[in-house]
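All remarks here apply to the structure that follows.
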Amino acid sequence: MTNQELKQTIKDMVIVGKGILAADEGLKSAAKRLAAINVESTEETRRQYRNLILSAPQLENYIVGVILFEETLYQKSNDGVLFPELLAKKGIVPGIKVDQGLADLNDSGEKYTKGLDGLGDRLEVYKKTGARFTKWRAVYNISENTPSDESIKKNAEDLAKYAKICQEHGFVPIVEPEVLIDGTHSIETCNKVTDKVLKAVFEALKKENVALDCTILKPSMVISGKEADNRANVDEVAKQTIKILKENVPAELPSINFLSGGQTPEESTAHLNRIHTLGEELPWYVSFSYARALQGPALKAWQGKDENIEAGQREFLKRAKLNSLATQGKYTEDMEK
Ligand code: 13P
């Protein structure tokens with residue numbers, strides 16, 4: 001059932017030492033990121049922000065694919081090149097976030113992800129822009145009574161339906177079940193929740209006959225809640241994350257690319273690096289698909305000012321390079337200086 005097109009996309013996106021950049025912030029998230037540097041979010045400022053990142057010289061040394069937001073597919077760089085074309089020219093695969101954000105699932109504040117209606121038709125439109133892979137994010141909130149079985153089941157089923165539709169239209173799906181870092185929960189709780197979530201996701205993918213060898217998993221790491229006391233150290237995060245992944249992710253899946261999910265840039269790099277120095281045999285390629293952890297320092301350096309574009313790009317390339325080293329277990333903390 002897997003066709004040549006999907007296999008080629010996987011080949012182009014699974015390259016040792018490289019990872020995926022998530023630059024697919026929707027209007028709300030983009031406004032939040034820009035507000036943090038006192039820039040109003042308009043179509044033009046969002047274009048400038050994308051331009052800074054996507055035109056960074058030698059981006060292709062570290063990045064194999066970029067997840068874009070729909071608006072960005074049709075915007076141009078300062079040099080007048082459509083962003084997906086700019087990426088393709090550098091040998092980077094353009095992708096597209098196809099979910100349409102979150103909606104209320106129940107009274108416990110849990111969410112499900114919108115976007116299945118009309119997805120096939122939208123994919124045909126996106127195809128014309130050169131996009132070759134997709135992303136869909138489901139979220140799970142940890143609290144005393146969440147995530148509920150209802151949320152785990154619904155999100156798994158929808159992730160699988162999404163993945164199936166994308167493969168039928170020739171797109172490699174990135175399946176993103178994000179167990180949120182918010183809260184005071186322990187790493188053990190995160191471990192149990194992630195285990196349940198991944199079990200449900202892979203069961204649903206199997207049921208939908210999704211080709212796992214043409215699917216990328218984008219999980220959160222097994223980590224203590226952001227506000228927890230005595231947060232687990234780098235070693236513990238790496239060990240527990242790999243244990244849970246090994247127990248749940250079939251070896252035929254080619255690539256696992258983590259989200260950063262509110263970890264600091266340094267933390268997310270250190271965790272990825274430790275995963276590669278544990279001495280464990282990993283059946284899949286393990287890399288990154290960070291948004292904030294790659295772009296945060298660049299935005300801060302840029303401040304929306306033309307004279308800071310180069311400084312912003314330097315910050316971005318620094319994080320991209322350090323994460324590239326982390327995928328090879330070659331990162332050390334003193335490289336942060
Ligand atoms: P973060 O790395 O900022 O968590 O974003 C990844 C992503 O794509 C969220 O959907």
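How things are named: the first chain in the structure tokens is A, the next is B, and so on; residues count from 1 in each chain; ligands count from 1 in the order shown.
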Can you pull out the residues contacting region 309-326 of chain A? Cut-off 8 Å, using only C-alpha atoms, and skip same-chain residues under 3 positions away; I want them as a PDB file with C-alpha atoms, in the first residue's frame.
```
ATOM      1  CA  GLY A  17      22.465  14.681  12.135  1.00  0.00           C
ATOM      2  CA  LYS A  18      19.404  16.571  10.973  1.00  0.00           C
ATOM      3  CA  GLY A  19      15.930  17.311  12.276  1.00  0.00           C
ATOM      4  CA  LEU A  52      14.258  35.510   9.269  1.00  0.00           C
ATOM      5  CA  ILE A  53      14.151  31.810  10.078  1.00  0.00           C
ATOM      6  CA  ALA A  56      18.940  31.620   7.548  1.00  0.00           C
ATOM      7  CA  PRO A  57      22.101  30.681   5.648  1.00  0.00           C
ATOM      8  CA  LEU A  59      19.663  26.046   7.318  1.00  0.00           C
ATOM      9  CA  TYR A  62      20.739  20.955  10.177  1.00  0.00           C
ATOM     10  CA  ILE A  63      17.139  20.896   8.982  1.00  0.00           C
ATOM     11  CA  PRO A 265      16.131  25.421  24.577  1.00  0.00           C
ATOM     12  CA  THR A 269      19.004  19.852  23.607  1.00  0.00           C
ATOM     13  CA  ALA A 270      20.530  18.199  26.694  1.00  0.00           C
ATOM     14  CA  LEU A 272      18.031  14.715  23.183  1.00  0.00           C
ATOM     15  CA  ASN A 273      21.787  14.409  23.544  1.00  0.00           C
ATOM     16  CA  ARG A 274      21.532  12.149  26.603  1.00  0.00           C
ATOM     17  CA  HIS A 276      21.975   9.311  22.276  1.00  0.00           C
ATOM     18  CA  PHE A 288      13.924  16.870  16.999  1.00  0.00           C
ATOM     19  CA  ALA A 293      13.355  25.585  21.495  1.00  0.00           C
ATOM     20  CA  LEU A 294      14.757  26.448  18.049  1.00  0.00           C
ATOM     21  CA  GLN A 295      13.166  29.823  17.418  1.00  0.00           C
ATOM     22  CA  PRO A 297      16.382  32.802  21.182  1.00  0.00           C
ATOM     23  CA  ALA A 298      16.237  34.033  17.569  1.00  0.00           C
ATOM     24  CA  LEU A 299      13.047  35.987  18.160  1.00  0.00           C
ATOM     25  CA  LYS A 300      14.559  37.569  21.256  1.00  0.00           C
ATOM     26  CA  ALA A 301      17.638  38.689  19.343  1.00  0.00           C
ATOM     27  CA  TRP A 302      15.593  39.988  16.417  1.00  0.00           C
ATOM     28  CA  LYS A 305      14.198  45.109  13.768  1.00  0.00           C
ATOM     29  CA  ASP A 306      15.862  44.823  10.365  1.00  0.00           C
ATOM     30  CA  GLY A 329      25.409  12.488  21.144  1.00  0.00           C
ATOM     31  CA  LYS A 330      28.117  15.085  20.532  1.00  0.00           C
ATOM     32  CA  TYR A 331      26.671  18.037  22.459  1.00  0.00           C
ATOM     33  CA  MET A 335      28.957  24.715  23.888  1.00  0.00           C
TER      34      MET A 335
END
```
* When the cut-off is 8 Å and you count only C-alpha atoms and all ligand atoms, which residues lie near ligand 1, shown as number ranges by chain? -> A: 22-25, 67, 135-137, 176, 178, 258-263, 289-294
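For the choices A:Thr134, A:Asn38, A:Ser148, A:Ser268, the atom-to-atom distance to Leu105 (chain A) is smallest for A:Ser148 when using only C-alpha atoms.
Distances from A:Ile165, A:Ala131, A:Leu245, A:Val64 to Pro94 (chain A) were compared using only C-alpha atoms, and the smallest one belongs to A:Ala131.
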* **Which of region 208-325 of chain A fall in helix (DSSP H, G or I), as a PyMOL selection string** => chain A and resi 212-214+234-248+265-277+292-302+306-325
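Excluding Pro173 (chain A) itself and any same-chain residue fewer than 3 positions from it, the protein and nucleic acid residues within 8 Å of it, counting only C-alpha atoms, are Phe133, Thr134, Lys135, Trp136, Tyr162, Ala163, Cys166, Gln167, Cys214, Thr215 and Ile216 of chain A.
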* To do: Extract, using only C-alpha atoms, all DNA, RNA and protein residues at most 10 Å from Pro147 (chain A), discarding same-chain residues fewer than 5 positions from it, and format them as a VMD selection string.
  => chain A and resid 108 to 111 139 to 142 152 179 193 196 to 197
* To do: Using DSSP on the backbone coordinates, identify all residues within region 9-156 of chain A classified as strand (DSSP E or B); present the result as JSON, numbers by chain.
  => {"A": [19, 20, 21, 22, 23, 63, 64, 65, 66, 67, 68, 76, 82, 93, 94, 95, 96, 97, 102, 103, 104, 111, 112, 113, 133, 134, 135, 136, 137, 138, 139, 140, 143, 146]}
Keeping only N, CA, C and O atoms, write the selected residues to a file as a compact mmCIF listing (two decimals), in the first residue's frame.
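Written out: part22.txt:
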```txt
# COMPACT_ATOMS: atom_id res chain seq x y z
N GLY A 19 17.25 17.40 11.66
CA GLY A 19 15.93 17.31 12.28
C GLY A 19 14.93 18.20 11.57
O GLY A 19 15.21 18.79 10.51
N ILE A 20 13.75 18.28 12.17
CA ILE A 20 12.65 19.05 11.57
C ILE A 20 12.44 20.33 12.37
O ILE A 20 12.55 20.33 13.60
N LEU A 21 12.16 21.40 11.67
CA LEU A 21 11.80 22.66 12.32
C LEU A 21 10.28 22.82 12.26
O LEU A 21 9.69 22.71 11.18
N ALA A 22 9.65 23.06 13.41
CA ALA A 22 8.23 23.39 13.41
C ALA A 22 8.11 24.91 13.38
O ALA A 22 8.49 25.59 14.34
N ALA A 23 7.64 25.43 12.24
CA ALA A 23 7.44 26.88 12.10
C ALA A 23 5.98 27.09 11.69
O ALA A 23 5.69 27.84 10.78
N ILE A 63 18.60 21.07 9.07
CA ILE A 63 17.14 20.90 8.98
C ILE A 63 16.77 20.16 7.69
O ILE A 63 17.18 20.56 6.60
N VAL A 64 15.97 19.10 7.85
CA VAL A 64 15.54 18.33 6.66
C VAL A 64 14.13 18.69 6.19
O VAL A 64 13.75 18.42 5.06
N GLY A 65 13.33 19.23 7.13
CA GLY A 65 11.95 19.53 6.78
C GLY A 65 11.44 20.66 7.66
O GLY A 65 11.91 20.83 8.79
N VAL A 66 10.53 21.46 7.13
CA VAL A 66 9.93 22.54 7.92
C VAL A 66 8.42 22.41 7.87
O VAL A 66 7.83 22.32 6.79
N ILE A 67 7.80 22.40 9.05
CA ILE A 67 6.34 22.40 9.10
C ILE A 67 5.87 23.85 9.02
O ILE A 67 6.28 24.69 9.83
N LEU A 68 5.06 24.12 8.02
CA LEU A 68 4.59 25.49 7.80
C LEU A 68 3.12 25.63 8.20
O LEU A 68 2.38 24.64 8.26
N LYS A 76 6.09 35.15 0.55
CA LYS A 76 7.41 35.13 -0.10
C LYS A 76 8.51 35.66 0.82
O LYS A 76 8.26 36.50 1.68
N LEU A 82 8.61 32.23 -3.10
CA LEU A 82 7.61 31.58 -2.23
C LEU A 82 8.34 30.69 -1.22
O LEU A 82 9.26 29.95 -1.60
N VAL A 93 12.45 19.66 2.84
CA VAL A 93 11.08 19.28 2.46
C VAL A 93 10.07 20.20 3.16
O VAL A 93 10.08 20.30 4.39
N PRO A 94 9.20 20.87 2.39
CA PRO A 94 8.16 21.68 3.03
C PRO A 94 6.99 20.80 3.48
O PRO A 94 6.59 19.88 2.77
N GLY A 95 6.47 21.11 4.67
CA GLY A 95 5.31 20.38 5.19
C GLY A 95 4.25 21.36 5.65
O GLY A 95 4.48 22.58 5.70
N ILE A 96 3.10 20.84 6.03
CA ILE A 96 2.00 21.72 6.40
C ILE A 96 1.22 21.18 7.60
O ILE A 96 0.90 20.00 7.63
N LYS A 97 0.97 22.07 8.56
CA LYS A 97 0.11 21.70 9.69
C LYS A 97 -1.31 21.64 9.16
O LYS A 97 -1.81 22.62 8.59
N LEU A 102 -7.78 23.29 18.56
CA LEU A 102 -8.43 22.48 19.59
C LEU A 102 -9.87 22.92 19.84
O LEU A 102 -10.22 24.08 19.65
N ALA A 103 -10.69 21.95 20.26
CA ALA A 103 -12.07 22.25 20.66
C ALA A 103 -12.36 21.49 21.95
O ALA A 103 -11.69 20.50 22.26
N ASP A 104 -13.38 21.95 22.68
CA ASP A 104 -13.72 21.30 23.95
C ASP A 104 -14.26 19.90 23.71
O ASP A 104 -15.11 19.69 22.84
N LYS A 111 -9.50 18.51 25.53
CA LYS A 111 -9.67 19.00 24.15
C LYS A 111 -9.53 17.86 23.15
O LYS A 111 -8.85 16.89 23.41
N TYR A 112 -10.15 18.05 22.02
CA TYR A 112 -9.85 17.20 20.88
C TYR A 112 -9.42 18.13 19.75
O TYR A 112 -9.53 19.36 19.87
N THR A 113 -8.89 17.57 18.69
CA THR A 113 -8.31 18.38 17.63
C THR A 113 -9.25 18.40 16.42
O THR A 113 -9.72 17.34 15.99
N PHE A 133 4.61 16.69 3.42
CA PHE A 133 4.26 16.00 4.66
C PHE A 133 3.34 16.88 5.49
O PHE A 133 3.17 18.08 5.18
N THR A 134 2.73 16.29 6.51
CA THR A 134 1.71 17.00 7.28
C THR A 134 1.95 16.81 8.79
O THR A 134 2.70 15.94 9.19
N LYS A 135 1.26 17.64 9.56
CA LYS A 135 1.31 17.49 11.02
C LYS A 135 -0.07 17.65 11.64
O LYS A 135 -0.87 18.47 11.16
N TRP A 136 -0.33 16.87 12.65
CA TRP A 136 -1.60 16.96 13.43
C TRP A 136 -1.23 16.76 14.89
O TRP A 136 -0.61 15.77 15.25
N ARG A 137 -1.62 17.73 15.71
CA ARG A 137 -1.26 17.69 17.14
C ARG A 137 -2.48 17.41 18.00
O ARG A 137 -3.51 18.10 17.87
N ALA A 138 -2.36 16.41 18.86
CA ALA A 138 -3.39 16.14 19.87
C ALA A 138 -2.78 16.45 21.23
O ALA A 138 -1.58 16.23 21.43
N VAL A 139 -3.58 16.97 22.17
CA VAL A 139 -3.01 17.30 23.49
C VAL A 139 -3.71 16.55 24.61
O VAL A 139 -4.91 16.27 24.54
N TYR A 140 -2.92 16.25 25.63
CA TYR A 140 -3.43 15.53 26.80
C TYR A 140 -2.94 16.29 28.03
O TYR A 140 -1.73 16.48 28.20
N SER A 143 -3.90 15.94 35.04
CA SER A 143 -4.42 16.43 36.32
C SER A 143 -4.94 15.21 37.06
O SER A 143 -4.79 14.08 36.58
N THR A 146 -7.46 13.60 34.68
CA THR A 146 -7.21 13.61 33.23
C THR A 146 -5.78 13.15 32.96
O THR A 146 -4.93 13.30 33.82
```
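Using only C-alpha atoms, the shortest contact distance between Asp195 (chain A) and any of A:Gly101, A:Pro219, A:Gly296, A:Pro283 is found at A:Pro219.
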* Asked: At what distance in Å, to one decimal, does CA of Leu253 (chain A) lie from CA of Gln240 (chain A)?
  -> 19.5 Å
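Between Lys207 (chain A) and the residues A:Ile174, A:Ala160, A:Val234, A:Ile15, the shortest atom-to-atom distance, using only C-alpha atoms, involves A:Ala160.
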* What is the distance between CA of Val175 (chain A) and CA of Lys218 (chain A), in Å to one decimal? -> 5.8 Å
* Excluding same-chain residues fewer than 3 positions from region 222-226 of chain A, what lies within 8 Å of it counting only C-alpha atoms, as a ChimeraX atom specification? -> /A:181-188,190-191,194,231-232,237-238,240-241
